[in-house]
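Enquirer: The structure's right below; bear with me while I get my questions together.
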Amino acid sequence: MWDARYAEPDLVWSREPNLFLPPLVERMEPGRALDLACGEGRNAVWLATRGWRMTAIDFSDRAIEKGRNLAARHEVDVSFDVADATTYRPDQRFDLVLSCYLQLPEPDHSAALACGRDAVAPGGTFLLVAHDRSNLDHGHGGPQDPRVLPVPDEVVAALDGFVIERAEVADRVVTTDEGPRVAKDTLVRARRPA
């Protein structure tokens, strides 16, 4: 399904990073980062333009191809690989692990969270942004299946041993033909103790 969605020549998503990403990483010293389920690579490429050494994975061949093209247009190096975030086991740990809008039912959601959590180096940060379950009744857009919509407490529960720096439902303004609408997102930022 995702290969078909990414088959069109234009980007499906924006070229700009997720709106929560810049303020959440602006005070971090660039290091090694992993973007799980990177899609077309917009977040990975943005981080690479700011000095991060990026690894980005997605299970869609077409998404990875578009990510490589986007990185080439921005003249940055990003290591893009086709891989499944529920089973991926990197051979290194990262200073930042990012998961944006990876909406999966159980047990895949827990498997992807475990992959991300285990890939964080001591002193590193795990950052998750996802459509929140409250978006079904109080927000706009996103998946309509509650089984793929996490809430902050569920994500925090999977990050045992991490220092939770932020765990909340955040509003995100979405531009539509009918005017601006508000979407509800789960936002979790957590740090593995050094």
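The chains in the structure tokens are called A, B, ... from first to last as shown; in each chain the residues are counted from 1, and the ligands are counted from 1 in the order shown.
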Extract the full set of alpha helix (DSSP H) residues from region 67-181 of chain A according to DSSP on the backbone, and format it as a count of residues only.
Expert: 29
Enquirer: Just the residues within 9 Å of region 68-76 of chain A, please, counting only C-alpha atoms, with nothing from its chain fewer than 6 positions along; format it as a list in words.
Expert: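 After dropping sequence-adjacent residues, the list is Arg15, Glu40, Gly41, Arg42, Ala44, Val45, Trp46, Ala48 and Thr49 of chain A.
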Enquirer: Find the distance between CA of Ala170 (chain A) and CA of Leu24 (chain A) and write it in Å to one decimal.
Expert: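 One can read the CA of Ala170 (chain A) to CA of Leu24 (chain A) distance as 12.9 Å.
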Enquirer: If you count only C-alpha atoms, which residues fall within 10 Å of Val174 (chain A), apart from same-chain ones fewer than 3 positions away, as number ranges by chain?
Expert: A: 139-141, 171, 179-183
Enquirer: Include all heavy atoms and write out the residues we just selected as a PDB file, in the first residue's frame.
Expert:
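out06.pdb, written as the output of this step:
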```
ATOM      1  N   GLY A 139     -10.295  16.094  17.139  1.00  0.00           N
ATOM      2  CA  GLY A 139      -9.301  16.637  16.218  1.00  0.00           C
ATOM      3  C   GLY A 139      -9.689  16.411  14.774  1.00  0.00           C
ATOM      4  O   GLY A 139     -10.788  15.940  14.462  1.00  0.00           O
ATOM      5  N   HIS A 140      -8.756  16.737  13.906  1.00  0.00           N
ATOM      6  CA  HIS A 140      -9.002  16.663  12.466  1.00  0.00           C
ATOM      7  C   HIS A 140      -8.035  15.697  11.798  1.00  0.00           C
ATOM      8  O   HIS A 140      -6.843  15.688  12.092  1.00  0.00           O
ATOM      9  CB  HIS A 140      -8.837  18.056  11.833  1.00  0.00           C
ATOM     10  CG  HIS A 140      -8.971  18.047  10.351  1.00  0.00           C
ATOM     11  ND1 HIS A 140     -10.192  18.042   9.728  1.00  0.00           N
ATOM     12  CD2 HIS A 140      -8.040  18.014   9.366  1.00  0.00           C
ATOM     13  CE1 HIS A 140     -10.010  18.024   8.423  1.00  0.00           C
ATOM     14  NE2 HIS A 140      -8.713  18.000   8.173  1.00  0.00           N
ATOM     15  N   GLY A 141      -8.561  14.892  10.866  1.00  0.00           N
ATOM     16  CA  GLY A 141      -7.725  14.045  10.018  1.00  0.00           C
ATOM     17  C   GLY A 141      -7.148  12.850  10.750  1.00  0.00           C
ATOM     18  O   GLY A 141      -7.609  12.451  11.821  1.00  0.00           O
ATOM     19  N   ASP A 171      -1.606  20.177  20.303  1.00  0.00           N
ATOM     20  CA  ASP A 171      -2.412  20.629  19.170  1.00  0.00           C
ATOM     21  C   ASP A 171      -1.509  20.943  17.987  1.00  0.00           C
ATOM     22  O   ASP A 171      -0.433  21.523  18.140  1.00  0.00           O
ATOM     23  CB  ASP A 171      -3.196  21.884  19.533  1.00  0.00           C
ATOM     24  CG  ASP A 171      -4.338  21.604  20.496  1.00  0.00           C
ATOM     25  OD1 ASP A 171      -4.653  20.424  20.726  1.00  0.00           O
ATOM     26  OD2 ASP A 171      -4.920  22.575  21.010  1.00  0.00           O
ATOM     27  N   GLY A 179     -10.548  25.942   5.801  1.00  0.00           N
ATOM     28  CA  GLY A 179      -9.886  26.786   6.786  1.00  0.00           C
ATOM     29  C   GLY A 179      -9.066  25.960   7.753  1.00  0.00           C
ATOM     30  O   GLY A 179      -8.986  24.729   7.630  1.00  0.00           O
ATOM     31  N   PRO A 180      -8.435  26.607   8.735  1.00  0.00           N
ATOM     32  CA  PRO A 180      -7.591  25.864   9.673  1.00  0.00           C
ATOM     33  C   PRO A 180      -8.402  24.949  10.588  1.00  0.00           C
ATOM     34  O   PRO A 180      -9.506  25.287  10.996  1.00  0.00           O
ATOM     35  CB  PRO A 180      -6.888  26.958  10.481  1.00  0.00           C
ATOM     36  CG  PRO A 180      -7.605  28.224  10.199  1.00  0.00           C
ATOM     37  CD  PRO A 180      -8.429  28.041   8.974  1.00  0.00           C
ATOM     38  N   ARG A 181      -7.824  23.769  10.848  1.00  0.00           N
ATOM     39  CA  ARG A 181      -8.411  22.804  11.780  1.00  0.00           C
ATOM     40  C   ARG A 181      -7.319  22.376  12.744  1.00  0.00           C
ATOM     41  O   ARG A 181      -6.134  22.503  12.449  1.00  0.00           O
ATOM     42  CB  ARG A 181      -8.958  21.575  11.040  1.00  0.00           C
ATOM     43  CG  ARG A 181     -10.045  21.872  10.036  1.00  0.00           C
ATOM     44  CD  ARG A 181     -11.350  22.273  10.728  1.00  0.00           C
ATOM     45  NE  ARG A 181     -12.434  22.471   9.793  1.00  0.00           N
ATOM     46  CZ  ARG A 181     -12.807  23.646   9.303  1.00  0.00           C
ATOM     47  NH1 ARG A 181     -12.154  24.736   9.647  1.00  0.00           N
ATOM     48  NH2 ARG A 181     -13.824  23.740   8.473  1.00  0.00           N
ATOM     49  N   VAL A 182      -7.708  21.824  13.872  1.00  0.00           N
ATOM     50  CA  VAL A 182      -6.743  21.391  14.879  1.00  0.00           C
ATOM     51  C   VAL A 182      -6.718  19.870  14.949  1.00  0.00           C
ATOM     52  O   VAL A 182      -7.764  19.228  15.073  1.00  0.00           O
ATOM     53  CB  VAL A 182      -7.071  21.980  16.267  1.00  0.00           C
ATOM     54  CG1 VAL A 182      -6.147  21.407  17.335  1.00  0.00           C
ATOM     55  CG2 VAL A 182      -6.964  23.498  16.237  1.00  0.00           C
ATOM     56  N   ALA A 183      -5.520  19.304  14.850  1.00  0.00           N
ATOM     57  CA  ALA A 183      -5.313  17.868  15.039  1.00  0.00           C
ATOM     58  C   ALA A 183      -4.684  17.650  16.410  1.00  0.00           C
ATOM     59  O   ALA A 183      -3.964  18.523  16.919  1.00  0.00           O
ATOM     60  CB  ALA A 183      -4.407  17.315  13.949  1.00  0.00           C
TER      61      ALA A 183
END
```
Enquirer: Would you list the contacts of region 88-95 of chain A as a ChimeraX atom specification, taking every protein, DNA or RNA residue within 7 Å and counting only C-alpha atoms, but skipping same-chain residues closer than 2 positions in sequence?
Expert: /A:31-34,83-86,97,115,119-121,124-125
Enquirer: Emit the selected residues as a PDB file, in the first residue's frame, including N, CA, C and O atoms.
Expert:
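Writing the result to result_17.pdb gives the following:
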```pdb
ATOM      1  N   GLY A  31      24.615  14.881  16.680  1.00  0.00           N
ATOM      2  CA  GLY A  31      25.363  13.635  16.814  1.00  0.00           C
ATOM      3  C   GLY A  31      24.808  12.631  15.815  1.00  0.00           C
ATOM      4  O   GLY A  31      24.385  12.990  14.722  1.00  0.00           O
ATOM      5  N   ARG A  32      24.739  11.370  16.230  1.00  0.00           N
ATOM      6  CA  ARG A  32      24.152  10.316  15.392  1.00  0.00           C
ATOM      7  C   ARG A  32      22.651  10.251  15.662  1.00  0.00           C
ATOM      8  O   ARG A  32      22.226  10.266  16.815  1.00  0.00           O
ATOM      9  N   ALA A  33      21.863  10.146  14.588  1.00  0.00           N
ATOM     10  CA  ALA A  33      20.410  10.080  14.753  1.00  0.00           C
ATOM     11  C   ALA A  33      19.819   9.022  13.843  1.00  0.00           C
ATOM     12  O   ALA A  33      20.340   8.746  12.764  1.00  0.00           O
ATOM     13  N   LEU A  34      18.720   8.451  14.295  1.00  0.00           N
ATOM     14  CA  LEU A  34      17.974   7.432  13.566  1.00  0.00           C
ATOM     15  C   LEU A  34      16.546   7.908  13.402  1.00  0.00           C
ATOM     16  O   LEU A  34      15.895   8.287  14.378  1.00  0.00           O
ATOM     17  N   ALA A  83      13.963  -1.075   5.611  1.00  0.00           N
ATOM     18  CA  ALA A  83      13.893  -1.938   6.800  1.00  0.00           C
ATOM     19  C   ALA A  83      12.559  -1.715   7.500  1.00  0.00           C
ATOM     20  O   ALA A  83      11.939  -0.660   7.364  1.00  0.00           O
ATOM     21  N   ASP A  84      12.149  -2.695   8.259  1.00  0.00           N
ATOM     22  CA  ASP A  84      10.898  -2.668   9.008  1.00  0.00           C
ATOM     23  C   ASP A  84      11.192  -2.219  10.436  1.00  0.00           C
ATOM     24  O   ASP A  84      11.994  -2.843  11.137  1.00  0.00           O
ATOM     25  N   ALA A  85      10.545  -1.150  10.875  1.00  0.00           N
ATOM     26  CA  ALA A  85      10.801  -0.597  12.207  1.00  0.00           C
ATOM     27  C   ALA A  85      10.418  -1.541  13.339  1.00  0.00           C
ATOM     28  O   ALA A  85      10.865  -1.362  14.464  1.00  0.00           O
ATOM     29  N   THR A  86       9.631  -2.569  13.053  1.00  0.00           N
ATOM     30  CA  THR A  86       9.250  -3.508  14.107  1.00  0.00           C
ATOM     31  C   THR A  86      10.305  -4.582  14.332  1.00  0.00           C
ATOM     32  O   THR A  86      10.298  -5.248  15.370  1.00  0.00           O
ATOM     33  N   VAL A  97      16.767   9.267  18.553  1.00  0.00           N
ATOM     34  CA  VAL A  97      15.927   8.349  17.780  1.00  0.00           C
ATOM     35  C   VAL A  97      14.567   9.014  17.646  1.00  0.00           C
ATOM     36  O   VAL A  97      13.962   9.437  18.636  1.00  0.00           O
ATOM     37  N   CYS A 115      12.200  -1.177  19.515  1.00  0.00           N
ATOM     38  CA  CYS A 115      13.312  -0.938  18.597  1.00  0.00           C
ATOM     39  C   CYS A 115      13.880   0.448  18.809  1.00  0.00           C
ATOM     40  O   CYS A 115      15.098   0.629  18.933  1.00  0.00           O
ATOM     41  N   ALA A 119      17.593   1.495  20.644  1.00  0.00           N
ATOM     42  CA  ALA A 119      18.597   2.128  19.781  1.00  0.00           C
ATOM     43  C   ALA A 119      19.154   3.426  20.363  1.00  0.00           C
ATOM     44  O   ALA A 119      20.098   3.990  19.817  1.00  0.00           O
ATOM     45  N   VAL A 120      18.590   3.893  21.476  1.00  0.00           N
ATOM     46  CA  VAL A 120      19.045   5.156  22.078  1.00  0.00           C
ATOM     47  C   VAL A 120      20.302   4.911  22.907  1.00  0.00           C
ATOM     48  O   VAL A 120      20.339   4.039  23.783  1.00  0.00           O
ATOM     49  N   ALA A 121      21.334   5.695  22.633  1.00  0.00           N
ATOM     50  CA  ALA A 121      22.594   5.606  23.380  1.00  0.00           C
ATOM     51  C   ALA A 121      22.417   6.199  24.774  1.00  0.00           C
ATOM     52  O   ALA A 121      21.518   7.014  25.001  1.00  0.00           O
ATOM     53  N   GLY A 124      21.193   9.727  25.362  1.00  0.00           N
ATOM     54  CA  GLY A 124      20.478  10.082  24.139  1.00  0.00           C
ATOM     55  C   GLY A 124      18.995  10.313  24.375  1.00  0.00           C
ATOM     56  O   GLY A 124      18.457  10.071  25.462  1.00  0.00           O
ATOM     57  N   THR A 125      18.335  10.760  23.328  1.00  0.00           N
ATOM     58  CA  THR A 125      16.934  11.172  23.390  1.00  0.00           C
ATOM     59  C   THR A 125      16.078  10.341  22.450  1.00  0.00           C
ATOM     60  O   THR A 125      16.485  10.054  21.318  1.00  0.00           O
TER      61      THR A 125
END
```
Enquirer: Considering only C-alpha atoms, return as a PyMOL selection string whatever protein or nucleic-acid residues lie within 10 Å of Val25 (chain A), sequence-local ones (same chain, fewer than 4 positions apart) excluded.
Expert: chain A and resi 20-21+29-30+47+96+125+127
Enquirer: Take the residues just selected and output them with all heavy atoms as a short mmCIF file (atom, residue, chain, number, x, y, z; two decimals), in the first residue's frame.
Expert:
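Now in selection09.cif:
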```cif
data_model
loop_
_atom_site.label_atom_id
_atom_site.label_comp_id
_atom_site.auth_asym_id
_atom_site.auth_seq_id
_atom_site.Cartn_x
_atom_site.Cartn_y
_atom_site.Cartn_z
N PHE A 20 6.93 19.92 15.18
CA PHE A 20 7.40 19.76 16.55
C PHE A 20 8.91 19.53 16.62
O PHE A 20 9.53 19.76 17.64
CB PHE A 20 6.69 18.59 17.24
CG PHE A 20 5.21 18.80 17.39
CD1 PHE A 20 4.32 17.99 16.70
CD2 PHE A 20 4.71 19.79 18.21
CE1 PHE A 20 2.95 18.18 16.83
CE2 PHE A 20 3.35 19.99 18.36
CZ PHE A 20 2.45 19.18 17.65
N LEU A 21 9.50 19.05 15.53
CA LEU A 21 10.91 18.65 15.55
C LEU A 21 11.88 19.81 15.82
O LEU A 21 12.71 19.70 16.74
CB LEU A 21 11.27 17.92 14.26
CG LEU A 21 12.70 17.40 14.15
CD1 LEU A 21 13.02 16.41 15.27
CD2 LEU A 21 12.92 16.74 12.78
N GLU A 29 23.13 19.09 20.84
CA GLU A 29 24.36 19.03 20.05
C GLU A 29 24.18 17.95 18.99
O GLU A 29 23.86 16.82 19.31
CB GLU A 29 25.54 18.69 20.95
CG GLU A 29 26.88 18.72 20.28
CD GLU A 29 27.33 20.12 19.93
OE1 GLU A 29 26.92 21.08 20.62
OE2 GLU A 29 28.08 20.25 18.95
N PRO A 30 24.37 18.28 17.69
CA PRO A 30 24.21 17.24 16.67
C PRO A 30 25.14 16.05 16.89
O PRO A 30 26.30 16.21 17.27
CB PRO A 30 24.57 17.97 15.37
CG PRO A 30 24.27 19.40 15.65
CD PRO A 30 24.67 19.58 17.11
N LEU A 47 17.40 17.28 9.58
CA LEU A 47 18.40 17.10 10.63
C LEU A 47 19.81 17.05 10.03
O LEU A 47 20.75 17.63 10.59
CB LEU A 47 18.12 15.82 11.41
CG LEU A 47 16.94 15.90 12.40
CD1 LEU A 47 16.48 14.51 12.81
CD2 LEU A 47 17.31 16.74 13.62
N LEU A 96 19.97 10.47 19.07
CA LEU A 96 18.56 10.84 18.89
C LEU A 96 17.90 9.74 18.07
O LEU A 96 18.42 9.35 17.02
CB LEU A 96 18.46 12.18 18.15
CG LEU A 96 17.05 12.61 17.72
CD1 LEU A 96 16.16 12.88 18.94
CD2 LEU A 96 17.12 13.85 16.83
N THR A 125 18.33 10.76 23.33
CA THR A 125 16.93 11.17 23.39
C THR A 125 16.08 10.34 22.45
O THR A 125 16.48 10.05 21.32
CB THR A 125 16.81 12.67 23.01
OG1 THR A 125 17.54 13.44 23.97
CG2 THR A 125 15.36 13.13 22.98
N LEU A 127 12.32 10.55 20.70
CA LEU A 127 11.27 11.51 20.40
C LEU A 127 10.20 10.83 19.55
O LEU A 127 10.50 10.27 18.49
CB LEU A 127 11.86 12.70 19.65
CG LEU A 127 10.90 13.80 19.21
CD1 LEU A 127 10.19 14.41 20.41
CD2 LEU A 127 11.67 14.87 18.44
#
```
Enquirer: Quick one: everything within 6 Å of region 142-158 of chain A, counting only C-alpha atoms, minus sequence neighbours fewer than 2 positions away in the same chain. Send it as a list in words.
Expert: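 Answer for this query is Gln103, Leu104, Pro105, His131, Asp132, Arg133, Asp160, Ala167, Glu168 and Thr186 of chain A.
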Enquirer: For those residues, write C-alpha atoms to a file as a compact mmCIF listing (two decimals), in the first residue's frame.
Expert:
```txt
# COMPACT_ATOMS: atom_id res chain seq x y z
CA GLN A 103 0.73 4.36 13.45
CA LEU A 104 0.62 0.62 14.12
CA PRO A 105 -1.71 -1.73 16.01
CA HIS A 131 -1.76 10.98 15.88
CA ASP A 132 -3.37 10.76 19.34
CA ARG A 133 -6.46 8.68 20.13
CA ASP A 160 11.09 2.18 31.48
CA ALA A 167 4.57 13.59 27.51
CA GLU A 168 1.42 15.30 26.36
CA THR A 186 0.80 12.40 21.11
```
Enquirer: Return the single residue from A:Gly39, A:Gly67, A:Gly51, A:Glu165 that is closest to Glu26 (chain A), with distances computed using only C-alpha atoms.
Expert: A:Gly51
